[in-house]
>>> print(open('start26.cif').read())   # mmCIF, C-alpha atoms
data_coords
loop_
_atom_site.label_atom_id
_atom_site.label_comp_id
_atom_site.auth_asym_id
_atom_site.auth_seq_id
_atom_site.Cartn_x
_atom_site.Cartn_y
_atom_site.Cartn_z
CA MET X 152 14.61 -23.48 -31.14
CA LEU X 153 12.94 -23.71 -27.74
CA HIS X 154 9.13 -23.69 -27.47
CA LEU X 155 8.00 -22.29 -24.12
CA ILE X 156 4.38 -22.89 -23.17
CA ILE X 157 2.92 -21.11 -20.14
CA ALA X 158 0.12 -23.59 -19.50
CA ASP X 159 -3.21 -23.46 -17.65
CA SER X 160 -2.54 -19.76 -17.06
CA GLU X 161 -4.99 -17.99 -14.79
CA LEU X 162 -5.79 -15.40 -17.44
CA GLU X 163 -9.45 -14.85 -18.29
CA LEU X 164 -12.20 -12.26 -18.51
CA VAL X 165 -14.57 -12.05 -15.54
CA PRO X 166 -16.71 -15.21 -15.88
CA LYS X 167 -20.51 -14.99 -16.19
CA GLU X 168 -21.22 -16.11 -12.62
CA LEU X 169 -19.31 -13.10 -11.19
CA GLN X 170 -20.47 -10.35 -13.56
CA ASN X 171 -23.17 -9.22 -11.13
CA HIS X 172 -20.93 -9.17 -8.07
CA PRO X 173 -20.83 -5.66 -6.50
CA SER X 174 -16.99 -5.56 -6.31
CA ILE X 175 -16.71 -6.47 -10.01
CA ILE X 176 -19.35 -3.94 -11.08
CA SER X 177 -17.67 -1.10 -9.16
CA HIS X 178 -14.17 -2.04 -10.39
CA ALA X 179 -15.41 -2.17 -14.00
CA LYS X 180 -17.16 1.19 -13.58
CA ARG X 181 -13.95 2.81 -12.27
CA ARG X 182 -12.21 1.57 -15.43
CA PHE X 183 -15.06 2.76 -17.70
CA LYS X 184 -15.66 -0.81 -18.92
CA LYS X 185 -18.40 -3.43 -18.69
CA PRO X 186 -17.94 -6.26 -16.16
CA GLU X 187 -17.63 -8.83 -18.97
CA GLU X 188 -14.85 -6.80 -20.62
CA ILE X 189 -12.37 -6.75 -17.74
CA LEU X 190 -9.78 -9.33 -16.72
CA LEU X 191 -10.39 -11.34 -13.59
CA ASP X 192 -7.76 -10.10 -11.12
CA SER X 193 -7.32 -11.50 -7.62
CA THR X 194 -5.85 -8.21 -6.38
CA TYR X 195 -9.19 -6.48 -6.91
CA HIS X 196 -11.71 -9.34 -7.00
CA HIS X 197 -10.60 -11.21 -3.92
CA THR X 198 -14.06 -11.27 -2.28
CA ALA X 199 -15.86 -12.24 -5.48
CA LEU X 200 -13.36 -15.05 -6.10
CA LYS X 201 -14.25 -16.75 -2.82
CA SER X 202 -17.51 -17.99 -4.32
CA LEU X 203 -15.89 -19.28 -7.52
CA LYS X 204 -14.62 -22.80 -8.24
CA ASP X 205 -10.78 -22.80 -7.90
CA GLY X 206 -11.18 -19.19 -6.69
CA GLU X 207 -8.02 -19.37 -4.58
CA ARG X 208 -5.82 -19.70 -7.68
CA ARG X 209 -7.72 -17.74 -10.36
CA GLY X 210 -7.28 -14.18 -11.65
CA ARG X 211 -3.49 -13.94 -12.00
CA PRO X 212 -2.63 -11.91 -15.13
CA ASP X 213 0.45 -10.71 -13.20
CA ILE X 214 2.05 -14.17 -13.49
CA VAL X 215 1.58 -14.17 -17.27
CA HIS X 216 2.93 -10.61 -17.49
CA LEU X 217 6.09 -11.47 -15.53
CA CYS X 218 6.75 -14.65 -17.53
CA LEU X 219 6.30 -12.87 -20.86
CA ILE X 220 8.30 -9.75 -20.03
CA ASN X 221 11.23 -11.94 -18.98
CA ALA X 222 10.97 -14.33 -21.93
CA LEU X 223 10.57 -11.67 -24.64
CA GLU X 224 13.46 -9.55 -23.34
CA SER X 225 15.80 -12.53 -22.93
CA ILE X 226 18.99 -12.98 -24.96
CA LEU X 227 17.54 -16.26 -26.24
CA ASN X 228 14.59 -14.44 -27.80
CA LYS X 229 16.80 -11.69 -29.22
CA GLU X 230 18.82 -14.46 -30.89
CA GLY X 231 15.64 -15.79 -32.53
CA LYS X 232 15.79 -19.12 -30.69
CA LEU X 233 12.54 -18.89 -28.71
CA ARG X 234 8.82 -19.18 -29.33
CA VAL X 235 6.39 -18.37 -26.51
CA TYR X 236 2.76 -19.48 -26.14
CA VAL X 237 0.29 -18.68 -23.37
CA HIS X 238 -2.34 -21.37 -22.82
CA THR X 239 -5.19 -20.52 -20.44
CA ARG X 240 -7.49 -22.44 -18.09
CA ASN X 241 -10.26 -22.00 -20.66
CA ASN X 242 -8.24 -23.71 -23.41
CA GLU X 243 -7.34 -20.65 -25.35
CA VAL X 244 -3.86 -20.04 -26.66
CA ILE X 245 -2.15 -16.71 -27.24
CA TYR X 246 0.51 -16.62 -29.95
CA ILE X 247 3.08 -13.87 -29.51
CA LYS X 248 5.48 -12.84 -32.26
CA PRO X 249 9.08 -12.79 -30.98
CA GLU X 250 9.56 -9.11 -31.93
CA THR X 251 6.60 -8.01 -29.75
CA ARG X 252 7.48 -5.33 -27.19
CA LEU X 253 4.95 -5.85 -24.43
CA PRO X 254 4.01 -2.98 -22.07
CA ARG X 255 6.30 -2.97 -19.03
CA ASN X 256 3.50 -1.32 -17.06
CA TYR X 257 1.10 -3.90 -15.62
CA ASN X 258 -2.05 -1.81 -16.07
CA ARG X 259 -1.27 -1.30 -19.73
CA PHE X 260 -0.66 -5.02 -20.11
CA VAL X 261 -4.09 -5.70 -18.60
CA GLY X 262 -5.65 -3.28 -21.09
CA LEU X 263 -3.85 -5.04 -23.93
CA MET X 264 -5.08 -8.47 -22.87
CA GLU X 265 -8.66 -7.16 -22.58
CA SER X 266 -8.40 -5.80 -26.08
CA LEU X 267 -6.98 -9.13 -27.29
CA PHE X 268 -9.88 -11.12 -25.79
CA LYS X 269 -12.28 -8.74 -27.55
CA ASN X 270 -10.59 -8.40 -30.96
CA ARG X 271 -8.81 -11.81 -31.11
CA VAL X 272 -5.82 -10.24 -32.91
CA ILE X 273 -3.79 -7.03 -32.28
CA PRO X 274 -2.82 -4.97 -34.05
CA LYS X 275 -4.90 -6.03 -37.07
CA ASP X 276 -2.10 -5.45 -39.60
CA LEU X 277 0.95 -6.84 -37.78
CA ALA X 278 -0.89 -9.49 -35.72
CA LEU X 279 1.76 -9.43 -32.99
CA LEU X 280 -0.68 -11.17 -30.69
CA ARG X 281 -3.56 -13.47 -31.56
CA ILE X 282 -5.77 -15.78 -29.57
CA GLU X 283 -7.37 -19.07 -30.61
CA ASN X 284 -9.40 -21.77 -28.93
CA LYS X 285 -7.10 -24.73 -28.42
CA THR X 286 -6.22 -27.32 -25.79
CA LEU X 287 -2.68 -27.85 -24.61
CA SER X 288 -2.35 -31.11 -26.52
CA GLU X 289 -3.61 -29.44 -29.71
CA ILE X 290 -0.94 -26.72 -29.37
CA ILE X 291 1.76 -29.33 -28.86
CA GLY X 292 0.41 -31.28 -31.84
CA ASP X 293 0.73 -28.13 -33.98
CA ILE X 294 4.28 -27.38 -32.80
CA GLY X 295 5.49 -30.95 -33.26
CA PRO X 296 8.44 -30.79 -30.84
CA ASP X 297 10.98 -33.62 -30.64
CA ALA X 298 10.66 -33.69 -26.83
CA VAL X 299 8.19 -32.37 -24.24
CA PHE X 300 9.26 -31.45 -20.71
CA ILE X 301 6.89 -30.46 -17.92
CA MET X 302 8.30 -28.34 -15.11
CA HIS X 303 6.77 -29.92 -12.02
CA GLU X 304 7.65 -29.95 -8.34
CA ASN X 305 7.24 -33.73 -8.30
CA GLY X 306 9.41 -34.24 -11.37
CA VAL X 307 12.89 -35.77 -11.60
CA LEU X 308 15.20 -33.40 -9.72
CA MET X 309 18.14 -32.07 -11.70
CA SER X 310 20.11 -28.82 -11.61
CA PRO X 311 18.95 -26.04 -13.95
CA GLN X 312 22.32 -26.31 -15.69
CA SER X 313 21.94 -30.04 -16.34
CA PHE X 314 18.44 -29.43 -17.62
CA GLY X 315 19.76 -26.72 -19.98
CA ARG X 316 22.27 -29.22 -21.38
CA LYS X 317 19.59 -31.92 -21.66
CA LEU X 318 17.34 -29.58 -23.67
CA ASN X 319 20.20 -29.00 -26.07
CA GLU X 320 20.19 -32.68 -27.01
CA TYR X 321 17.02 -31.88 -29.00
CA ILE X 322 16.45 -29.69 -32.04
CA SER X 323 13.09 -28.28 -31.11
CA PRO X 324 12.07 -29.15 -27.54
CA ALA X 325 8.95 -27.85 -25.80
CA VAL X 326 8.97 -26.85 -22.14
CA ILE X 327 5.71 -26.47 -20.22
CA VAL X 328 5.58 -24.14 -17.21
CA GLY X 329 2.41 -23.73 -15.14
CA GLY X 330 1.00 -20.18 -15.31
CA PHE X 331 -0.74 -20.46 -11.94
CA PRO X 332 0.31 -19.59 -8.37
CA HIS X 333 0.05 -23.06 -6.76
CA GLY X 334 -1.63 -26.44 -7.11
CA ASP X 335 -1.34 -28.70 -10.12
CA PHE X 336 -1.97 -28.50 -13.87
CA LEU X 337 -5.61 -28.76 -15.00
CA SER X 338 -4.68 -30.11 -18.42
CA VAL X 339 -3.77 -33.72 -19.02
CA LEU X 340 -0.06 -33.71 -19.77
CA GLU X 341 2.21 -36.07 -21.63
CA GLY X 342 5.94 -35.54 -21.29
CA GLU X 343 8.88 -35.94 -18.95
CA LYS X 344 8.38 -34.24 -15.58
CA ILE X 345 11.39 -32.21 -14.41
CA SER X 346 12.05 -30.34 -11.17
CA ILE X 347 14.97 -27.89 -11.05
CA TYR X 348 14.88 -27.06 -7.35
CA LYS X 349 14.08 -28.74 -4.05
CA GLU X 350 11.32 -26.19 -3.32
CA PRO X 351 8.51 -24.82 -5.50
CA LEU X 352 9.53 -21.79 -7.57
CA MET X 353 7.41 -19.00 -9.01
CA ALA X 354 6.53 -19.49 -12.70
CA TRP X 355 8.74 -16.60 -13.88
CA SER X 356 11.73 -17.92 -11.92
CA VAL X 357 11.36 -21.26 -13.69
CA VAL X 358 11.09 -19.46 -17.04
CA ASN X 359 14.30 -17.51 -16.32
CA GLU X 360 16.23 -20.61 -15.25
CA VAL X 361 15.10 -22.66 -18.25
CA LEU X 362 15.76 -19.98 -20.88
CA ILE X 363 19.13 -18.85 -19.53
CA ASN X 364 20.51 -22.34 -18.98
CA TYR X 365 19.32 -23.48 -22.41
CA GLU X 366 20.88 -20.37 -23.92
CA GLY X 367 24.14 -20.93 -21.99
CA SER X 368 24.44 -24.40 -23.39
CA LEU X 369 23.34 -23.37 -26.90
CA LEU X 370 25.12 -20.09 -27.60
CA TRP X 371 28.33 -19.74 -25.60
CA MET P 199 27.69 -13.99 -1.57
CA LEU P 200 26.72 -11.72 -4.47
CA HIS P 201 25.81 -8.07 -3.83
CA LEU P 202 23.45 -6.77 -6.50
CA ILE P 203 23.00 -3.00 -6.67
CA ILE P 204 20.29 -1.54 -8.90
CA ALA P 205 21.88 1.89 -9.32
CA ASP P 206 20.60 5.34 -10.27
CA SER P 207 17.10 3.85 -10.33
CA GLU P 208 14.35 6.11 -11.60
CA LEU P 209 12.34 5.70 -8.41
CA GLU P 210 11.22 8.88 -6.62
CA LEU P 211 8.20 10.74 -5.30
CA VAL P 212 6.80 13.49 -7.55
CA PRO P 213 9.40 16.28 -7.30
CA LYS P 214 8.42 19.77 -6.07
CA GLU P 215 8.49 21.39 -9.51
CA LEU P 216 5.73 19.03 -10.78
CA GLN P 217 3.42 18.97 -7.75
CA ASN P 218 1.18 21.66 -9.23
CA HIS P 219 0.92 20.10 -12.68
CA PRO P 220 -2.75 19.35 -13.55
CA SER P 221 -2.04 15.73 -14.62
CA ILE P 222 -0.25 15.04 -11.32
CA ILE P 223 -2.98 16.67 -9.23
CA SER P 224 -5.74 14.68 -10.93
CA HIS P 225 -3.81 11.39 -10.74
CA ALA P 226 -3.10 11.94 -7.02
CA LYS P 227 -6.77 12.78 -6.42
CA ARG P 228 -7.89 9.56 -8.14
CA ARG P 229 -5.61 7.66 -5.75
CA PHE P 230 -6.83 9.62 -2.68
CA LYS P 231 -3.30 10.92 -2.02
CA LYS P 232 -1.47 14.24 -2.09
CA PRO P 233 0.72 15.02 -5.13
CA GLU P 234 3.88 14.89 -2.98
CA GLU P 235 2.94 11.42 -1.68
CA ILE P 236 2.76 9.58 -5.01
CA LEU P 237 5.55 7.99 -7.06
CA LEU P 238 6.59 9.68 -10.26
CA ASP P 239 5.41 7.32 -13.03
CA SER P 240 6.03 7.90 -16.73
CA THR P 241 2.94 5.87 -17.66
CA TYR P 242 0.68 8.49 -16.05
CA HIS P 243 2.85 11.62 -15.90
CA HIS P 244 4.15 11.64 -19.44
CA THR P 245 3.06 15.22 -20.20
CA ALA P 246 4.34 16.59 -16.90
CA LEU P 247 7.69 14.86 -17.41
CA LYS P 248 8.33 16.73 -20.65
CA SER P 249 9.15 19.89 -18.67
CA LEU P 250 11.47 18.09 -16.22
CA LYS P 251 15.27 17.68 -16.49
CA ASP P 252 16.02 14.10 -17.69
CA GLY P 253 12.24 13.76 -18.10
CA GLU P 254 12.60 11.19 -20.89
CA ARG P 255 14.10 8.64 -18.49
CA ARG P 256 12.47 9.44 -15.14
CA GLY P 257 9.51 7.85 -13.37
CA ARG P 258 10.20 4.13 -13.88
CA PRO P 259 9.18 2.21 -10.73
CA ASP P 260 8.28 -0.66 -13.09
CA ILE P 261 11.97 -1.33 -13.80
CA VAL P 262 12.74 -1.58 -10.07
CA HIS P 263 9.73 -3.84 -9.54
CA LEU P 264 10.76 -6.25 -12.31
CA CYS P 265 14.39 -6.40 -11.12
CA LEU P 266 13.38 -7.05 -7.51
CA ILE P 267 10.69 -9.60 -8.21
CA ASN P 268 13.15 -11.63 -10.29
CA ALA P 269 16.04 -11.28 -7.85
CA LEU P 270 14.08 -12.10 -4.68
CA GLU P 271 12.40 -15.16 -6.23
CA SER P 272 15.64 -16.52 -7.71
CA ILE P 273 17.23 -19.77 -6.59
CA LEU P 274 20.34 -17.78 -5.62
CA ASN P 275 18.33 -15.74 -3.12
CA LYS P 276 16.54 -18.82 -1.77
CA GLU P 277 19.99 -20.32 -1.16
CA GLY P 278 20.95 -17.24 0.90
CA LYS P 279 23.71 -16.18 -1.50
CA LEU P 280 22.31 -12.80 -2.58
CA ARG P 281 21.91 -9.31 -1.15
CA VAL P 282 19.94 -6.71 -3.13
CA TYR P 283 20.12 -2.91 -2.84
CA VAL P 284 18.17 -0.27 -4.77
CA HIS P 285 20.01 3.02 -5.17
CA THR P 286 18.02 5.95 -6.62
CA ARG P 287 18.79 9.05 -8.68
CA ASN P 288 18.37 11.11 -5.49
CA ASN P 289 21.06 9.12 -3.66
CA GLU P 290 18.82 7.12 -1.45
CA VAL P 291 19.31 3.42 -0.90
CA ILE P 292 16.67 0.81 -0.14
CA TYR P 293 17.81 -2.22 1.84
CA ILE P 294 15.66 -5.30 1.32
CA LYS P 295 15.86 -8.34 3.57
CA PRO P 296 16.28 -11.53 1.52
CA GLU P 297 13.13 -13.12 2.98
CA THR P 298 10.94 -10.23 1.80
CA ARG P 299 8.00 -11.29 -0.35
CA LEU P 300 7.29 -8.27 -2.51
CA PRO P 301 3.81 -7.72 -4.02
CA ARG P 302 3.59 -9.31 -7.45
CA ASN P 303 0.96 -6.75 -8.39
CA TYR P 304 2.53 -3.53 -9.68
CA ASN P 305 -0.03 -1.18 -8.12
CA ARG P 306 0.50 -2.75 -4.70
CA PHE P 307 4.26 -2.40 -5.16
CA VAL P 308 3.80 1.32 -5.93
CA GLY P 309 1.74 1.71 -2.75
CA LEU P 310 4.47 -0.07 -0.78
CA MET P 311 7.21 2.21 -2.12
CA GLU P 312 5.11 5.30 -1.33
CA SER P 313 4.68 4.06 2.22
CA LEU P 314 8.45 3.38 2.42
CA PHE P 315 9.34 6.92 1.30
CA LYS P 316 6.97 8.22 3.98
CA ASN P 317 7.83 5.92 6.90
CA ARG P 318 11.48 5.12 6.01
CA VAL P 319 11.07 1.54 7.29
CA ILE P 320 8.34 -1.11 6.80
CA PRO P 321 7.02 -2.89 8.66
CA LYS P 322 8.26 -1.19 11.83
CA ASP P 323 8.91 -4.46 13.70
CA LEU P 324 10.46 -6.65 10.98
CA ALA P 325 12.10 -3.84 8.98
CA LEU P 326 11.98 -5.86 5.77
CA LEU P 327 12.56 -2.66 3.81
CA ARG P 328 14.30 0.51 4.92
CA ILE P 329 15.54 3.56 3.10
CA GLU P 330 18.57 5.77 3.87
CA ASN P 331 20.28 8.71 2.24
CA LYS P 332 23.46 7.40 0.67
CA THR P 333 25.50 7.74 -2.50
CA LEU P 334 26.50 4.73 -4.57
CA SER P 335 30.11 4.93 -3.40
CA GLU P 336 29.00 5.10 0.24
CA ILE P 337 26.92 1.93 -0.23
CA ILE P 338 29.88 0.16 -1.81
CA GLY P 339 32.12 1.41 1.00
CA ASP P 340 29.72 -0.12 3.55
CA ILE P 341 29.50 -3.46 1.71
CA GLY P 342 33.26 -3.75 1.22
CA PRO P 343 33.17 -6.15 -1.75
CA ASP P 344 36.38 -7.76 -3.03
CA ALA P 345 35.48 -6.76 -6.62
CA VAL P 346 33.07 -4.30 -8.28
CA PHE P 347 31.60 -4.92 -11.74
CA ILE P 348 29.50 -2.42 -13.66
CA MET P 349 27.14 -3.80 -16.30
CA HIS P 350 27.58 -1.37 -19.15
CA GLU P 351 26.93 -1.54 -22.90
CA ASN P 352 30.43 -0.15 -23.53
CA GLY P 353 32.11 -2.62 -21.19
CA VAL P 354 34.36 -5.56 -22.06
CA LEU P 355 32.19 -8.02 -23.97
CA MET P 356 32.02 -11.52 -22.53
CA SER P 357 29.36 -14.23 -22.50
CA PRO P 358 27.02 -14.29 -19.48
CA GLN P 359 28.44 -17.75 -18.66
CA SER P 360 32.04 -16.50 -18.62
CA PHE P 361 30.99 -13.58 -16.47
CA GLY P 362 29.26 -15.97 -14.03
CA ARG P 363 32.50 -17.95 -13.74
CA LYS P 364 34.55 -14.76 -13.33
CA LEU P 365 32.29 -13.60 -10.46
CA ASN P 366 32.95 -16.90 -8.73
CA GLU P 367 36.65 -16.09 -8.50
CA TYR P 368 35.68 -13.66 -5.71
CA ILE P 369 34.21 -14.26 -2.26
CA SER P 370 31.89 -11.27 -2.11
CA PRO P 371 31.65 -9.43 -5.45
CA ALA P 372 29.33 -6.49 -6.14
CA VAL P 373 27.51 -6.12 -9.46
CA ILE P 374 25.99 -2.78 -10.46
CA VAL P 375 23.05 -2.73 -12.88
CA GLY P 376 21.48 0.55 -14.05
CA GLY P 377 17.86 0.92 -12.91
CA PHE P 378 16.96 3.27 -15.76
CA PRO P 379 15.51 2.68 -19.26
CA HIS P 380 18.37 4.13 -21.38
CA GLY P 381 21.27 6.56 -21.24
CA ASP P 382 24.21 6.33 -18.86
CA PHE P 383 24.76 6.20 -15.10
CA LEU P 384 24.46 9.51 -13.23
CA SER P 385 26.75 8.36 -10.41
CA VAL P 386 30.52 8.34 -10.72
CA LEU P 387 31.49 4.68 -10.86
CA GLU P 388 34.65 2.81 -10.04
CA GLY P 389 34.89 -0.79 -11.14
CA GLU P 390 35.35 -3.05 -14.14
CA LYS P 391 32.84 -2.41 -16.93
CA ILE P 392 31.31 -5.57 -18.38
CA SER P 393 28.93 -6.12 -21.29
CA ILE P 394 27.22 -9.52 -21.64
CA TYR P 395 25.56 -8.97 -25.01
CA LYS P 396 26.19 -7.16 -28.28
CA GLU P 397 23.00 -5.11 -27.87
CA PRO P 398 21.60 -3.18 -24.88
CA LEU P 399 19.44 -5.32 -22.60
CA MET P 400 16.69 -4.32 -20.21
CA ALA P 401 17.81 -4.04 -16.58
CA TRP P 402 15.83 -7.09 -15.44
CA SER P 403 17.27 -9.22 -18.25
CA VAL P 404 20.78 -8.32 -17.07
CA VAL P 405 19.79 -9.15 -13.49
CA ASN P 406 18.48 -12.57 -14.57
CA GLU P 407 21.59 -13.39 -16.61
CA VAL P 408 23.99 -12.33 -13.85
CA LEU P 409 22.21 -14.14 -11.00
CA ILE P 410 21.56 -17.37 -12.88
CA ASN P 411 25.04 -17.66 -14.38
CA TYR P 412 26.67 -16.85 -11.03
CA GLU P 413 24.41 -19.43 -9.39
CA GLY P 414 25.20 -21.99 -12.08
CA SER P 415 28.89 -21.64 -11.45
CA LEU P 416 28.50 -21.52 -7.65
CA LEU P 417 25.95 -24.19 -6.81
CA TRP P 418 25.86 -26.93 -9.40
#
>>> encode(input="start26.cif", output="structure tokens")
Amino acid sequence: MLHLIIADSELELVPKELQNHPSIISHAKRRFKKPEEILLDSTYHHTALKSLKDGERRGRPDIVHLCLINALESILNKEGKLRVYVHTRNNEVIYIKPETRLPRNYNRFVGLMESLFKNRVIPKDLALLRIENKTLSEIIGDIGPDAVFIMHENGVLMSPQSFGRKLNEYISPAVIVGGFPHGDFLSVLEGEKISIYKEPLMAWSVVNEVLINYEGSLLW
Amino acid sequence: MLHLIIADSELELVPKELQNHPSIISHAKRRFKKPEEILLDSTYHHTALKSLKDGERRGRPDIVHLCLINALESILNKEGKLRVYVHTRNNEVIYIKPETRLPRNYNRFVGLMESLFKNRVIPKDLALLRIENKTLSEIIGDIGPDAVFIMHENGVLMSPQSFGRKLNEYISPAVIVGGFPHGDFLSVLEGEKISIYKEPLMAWSVVNEVLINYEGSLLW
């Protein structure tokens, strides 16, 4: 079983300090929602983000969407060998049941995340998704993996295939992938740093490489 | 070099017979465009699609977006070993230069495709994307691959790893993946049918498995 953690993801509702910004108010109005109910999204809130701390990396629900849609539709997940967690910059964690079929359409995904931040669990009966306040080290403590690997551009360089084989030396390893566009992790991390390519890769490309090479070494 | 063709993709502008449908008119108006200038999208045009031939599978730009965003950000593409083509149900083909950085945001991708259908090439100077009228067999004739494989749920079952190794027996193989949600290809296909899993997979999952297992066998 592989535990995939998308960590320090740039997924959050519009923070208090931006709720009065004209671009946020008008975007919320167009969506028939209140400013505090909508996701921060760099595509639409670019100007507002300029005044925010870490503004150049925040508001990226698209990265989370792409990572999840790839992970949940992977062969590894269909074989029941994957658990996925989304940890955010505000130390929240989203638990996603493996059988969850996320919206393929981005706008619907955004709506779903907004509903999750509001209701904390959806749907109420099946609880396919739920959110809790937790730091990255608390999540890892709960999982109790027998190894923790951090995908990092300054990590030990090895091929994705070798890394897939290495992961298979463990029963229940955890792999941490940064859910942000650039820069470094915000959380304090303990684990072995690994790099699978000589250049930085997008988060979803790392997710694909890790899952498929782990699967290749595990299943076939 | 691997040639990846996303074939019979459900990517098209709103067809003539739906341009007067109330849901299309109001959606186009909200986007400040004419009905004939917007992409058909099942998320928004569900009711209108009911009256259209093959309506239950049409209007899926999201599938093309997910396939492309994974393919273009893959290690294989960064290594210069991949060419990607999008063939549509209306026998058009989109050529995408490997260095193209597609919008990660779905709505921006939709806008880009609408502009491509209108202008046939974007941007005019770099021509990162261009569209031409061509059938699937004409595209394959142009490429001249030394083998053609069709990813198909009724194909010969083999593991993704074995298929990656098999692809590496050729210098310039072409792999065809269906860019539609379910059902069969519309185009007449010649090539070896391959299935990499006992259940149907989403198009982007097949793309990820093919590229990463080919890469694994080629590069490492």
>>> interface_residues(input="start26.cif", of="chain X", to="chain P", cutoff="8 Å", atoms="all atoms listed in the file", output="VMD selection string")
chain X and resid 194 213 to 214 217 221 224 to 226 255 to 257 310 to 312 348 352 to 353 355 to 356 359 to 360 363 to 364 367 371
>>> residues_around(input="start26.cif", residues="Ile392 (chain P)", least_positions_apart="6", cutoff="12 Å", atoms="only C-alpha atoms", output="list in words")
Val346, Phe347, Ile348, Met349, His350, Glu351, Asn352, Gly353, Val354, Leu355, Met356, Ser357, Pro358, Ser360, Phe361, Gly362, Lys364, Leu365, Val373, Ile374, Val375, Pro398, Val404 and Val408 of chain P
>>> atom_distance(input="start26.cif", atom1="CA of Ser266 (chain X)", atom2="CA of Ser224 (chain P)")
25.6 Å
>>> closest_residue(input="start26.cif", among="X:His154, X:Pro332, X:Lys167, X:Ala199", to="Val215 (chain X)", atoms="only C-alpha atoms")
X:Pro332
>>> atom_distance(input="start26.cif", atom1="CA of Leu219 (chain X)", atom2="CA of Glu320 (chain X)")
25.0 Å
>>> resolve_selection(input="start26.cif", expression="the PyMOL selection byres ((chain X and resi 284) around 7)", output="CSV table (one decimal) with C-alpha atoms, in the coordinates of the input")
chain,number,residue,atom,x,y,z
X,242,ASN,CA,-8.2,-23.7,-23.4
X,243,GLU,CA,-7.3,-20.6,-25.4
X,244,VAL,CA,-3.9,-20.0,-26.7
X,283,GLU,CA,-7.4,-19.1,-30.6
X,285,LYS,CA,-7.1,-24.7,-28.4
>>> closest_residue(input="start26.cif", among="X:Asn319, X:Asn228, X:Thr251, X:Thr198", to="Leu155 (chain X)", atoms="all atoms listed in the file")
X:Asn228
>>> resolve_selection(input="start26.cif", expression="the PyMOL selection byres ((chain P and resi 345) around 9)", output="ChimeraX atom specification")
/P:342-344,346-347,365,368-373,389-390
>>> closest_residue(input="start26.cif", among="P:His243, P:Arg281, P:Arg363, P:Arg287", to="Ile223 (chain P)", atoms="only C-alpha atoms")
P:His243
>>> atom_distance(input="start26.cif", atom1="CA of Met264 (chain X)", atom2="CA of Val405 (chain P)")
26.6 Å
>>> residues_around(input="start26.cif", residues="Gly210 (chain X)", least_positions_apart="5", cutoff="8 Å", atoms="only C-alpha atoms", output="PyMOL selection string")
chain X and resi 161-163+190-193
>>> build_atoms(input="start26.cif", residues="region 334-343 of chain X", atoms="N, CA, C and O atoms", output="PDB file, keeping the file's coordinate frame")
ATOM      1  N   GLY X 334      -0.770 -25.337  -6.684  1.00  0.00           N
ATOM      2  CA  GLY X 334      -1.630 -26.440  -7.110  1.00  0.00           C
ATOM      3  C   GLY X 334      -1.038 -27.112  -8.326  1.00  0.00           C
ATOM      4  O   GLY X 334       0.143 -26.921  -8.624  1.00  0.00           O
ATOM      5  N   ASP X 335      -1.863 -27.893  -9.016  1.00  0.00           N
ATOM      6  CA  ASP X 335      -1.340 -28.700 -10.120  1.00  0.00           C
ATOM      7  C   ASP X 335      -1.947 -28.242 -11.461  1.00  0.00           C
ATOM      8  O   ASP X 335      -2.866 -27.429 -11.487  1.00  0.00           O
ATOM      9  N   PHE X 336      -1.419 -28.788 -12.550  1.00  0.00           N
ATOM     10  CA  PHE X 336      -1.970 -28.500 -13.870  1.00  0.00           C
ATOM     11  C   PHE X 336      -3.412 -29.013 -13.951  1.00  0.00           C
ATOM     12  O   PHE X 336      -3.763 -30.015 -13.321  1.00  0.00           O
ATOM     13  N   LEU X 337      -4.248 -28.315 -14.724  1.00  0.00           N
ATOM     14  CA  LEU X 337      -5.610 -28.760 -15.000  1.00  0.00           C
ATOM     15  C   LEU X 337      -5.616 -29.662 -16.224  1.00  0.00           C
ATOM     16  O   LEU X 337      -6.391 -30.600 -16.320  1.00  0.00           O
ATOM     17  N   SER X 338      -4.756 -29.361 -17.171  1.00  0.00           N
ATOM     18  CA  SER X 338      -4.680 -30.110 -18.420  1.00  0.00           C
ATOM     19  C   SER X 338      -4.044 -31.477 -18.182  1.00  0.00           C
ATOM     20  O   SER X 338      -3.230 -31.640 -17.269  1.00  0.00           O
ATOM     21  N   VAL X 339      -4.436 -32.421 -19.024  1.00  0.00           N
ATOM     22  CA  VAL X 339      -3.770 -33.720 -19.020  1.00  0.00           C
ATOM     23  C   VAL X 339      -2.468 -33.547 -19.802  1.00  0.00           C
ATOM     24  O   VAL X 339      -2.454 -32.996 -20.898  1.00  0.00           O
ATOM     25  N   LEU X 340      -1.384 -33.987 -19.209  1.00  0.00           N
ATOM     26  CA  LEU X 340      -0.060 -33.710 -19.770  1.00  0.00           C
ATOM     27  C   LEU X 340       0.669 -34.982 -20.138  1.00  0.00           C
ATOM     28  O   LEU X 340       0.655 -35.948 -19.379  1.00  0.00           O
ATOM     29  N   GLU X 341       1.323 -34.959 -21.295  1.00  0.00           N
ATOM     30  CA  GLU X 341       2.210 -36.070 -21.630  1.00  0.00           C
ATOM     31  C   GLU X 341       3.603 -35.515 -21.883  1.00  0.00           C
ATOM     32  O   GLU X 341       3.779 -34.623 -22.712  1.00  0.00           O
ATOM     33  N   GLY X 342       4.569 -36.028 -21.152  1.00  0.00           N
ATOM     34  CA  GLY X 342       5.940 -35.540 -21.290  1.00  0.00           C
ATOM     35  C   GLY X 342       6.723 -35.920 -20.059  1.00  0.00           C
ATOM     36  O   GLY X 342       6.178 -36.492 -19.113  1.00  0.00           O
ATOM     37  N   GLU X 343       8.019 -35.578 -20.066  1.00  0.00           N
ATOM     38  CA  GLU X 343       8.880 -35.940 -18.950  1.00  0.00           C
ATOM     39  C   GLU X 343       8.807 -34.849 -17.888  1.00  0.00           C
ATOM     40  O   GLU X 343       9.054 -33.682 -18.187  1.00  0.00           O
TER      41      GLU X 343
END
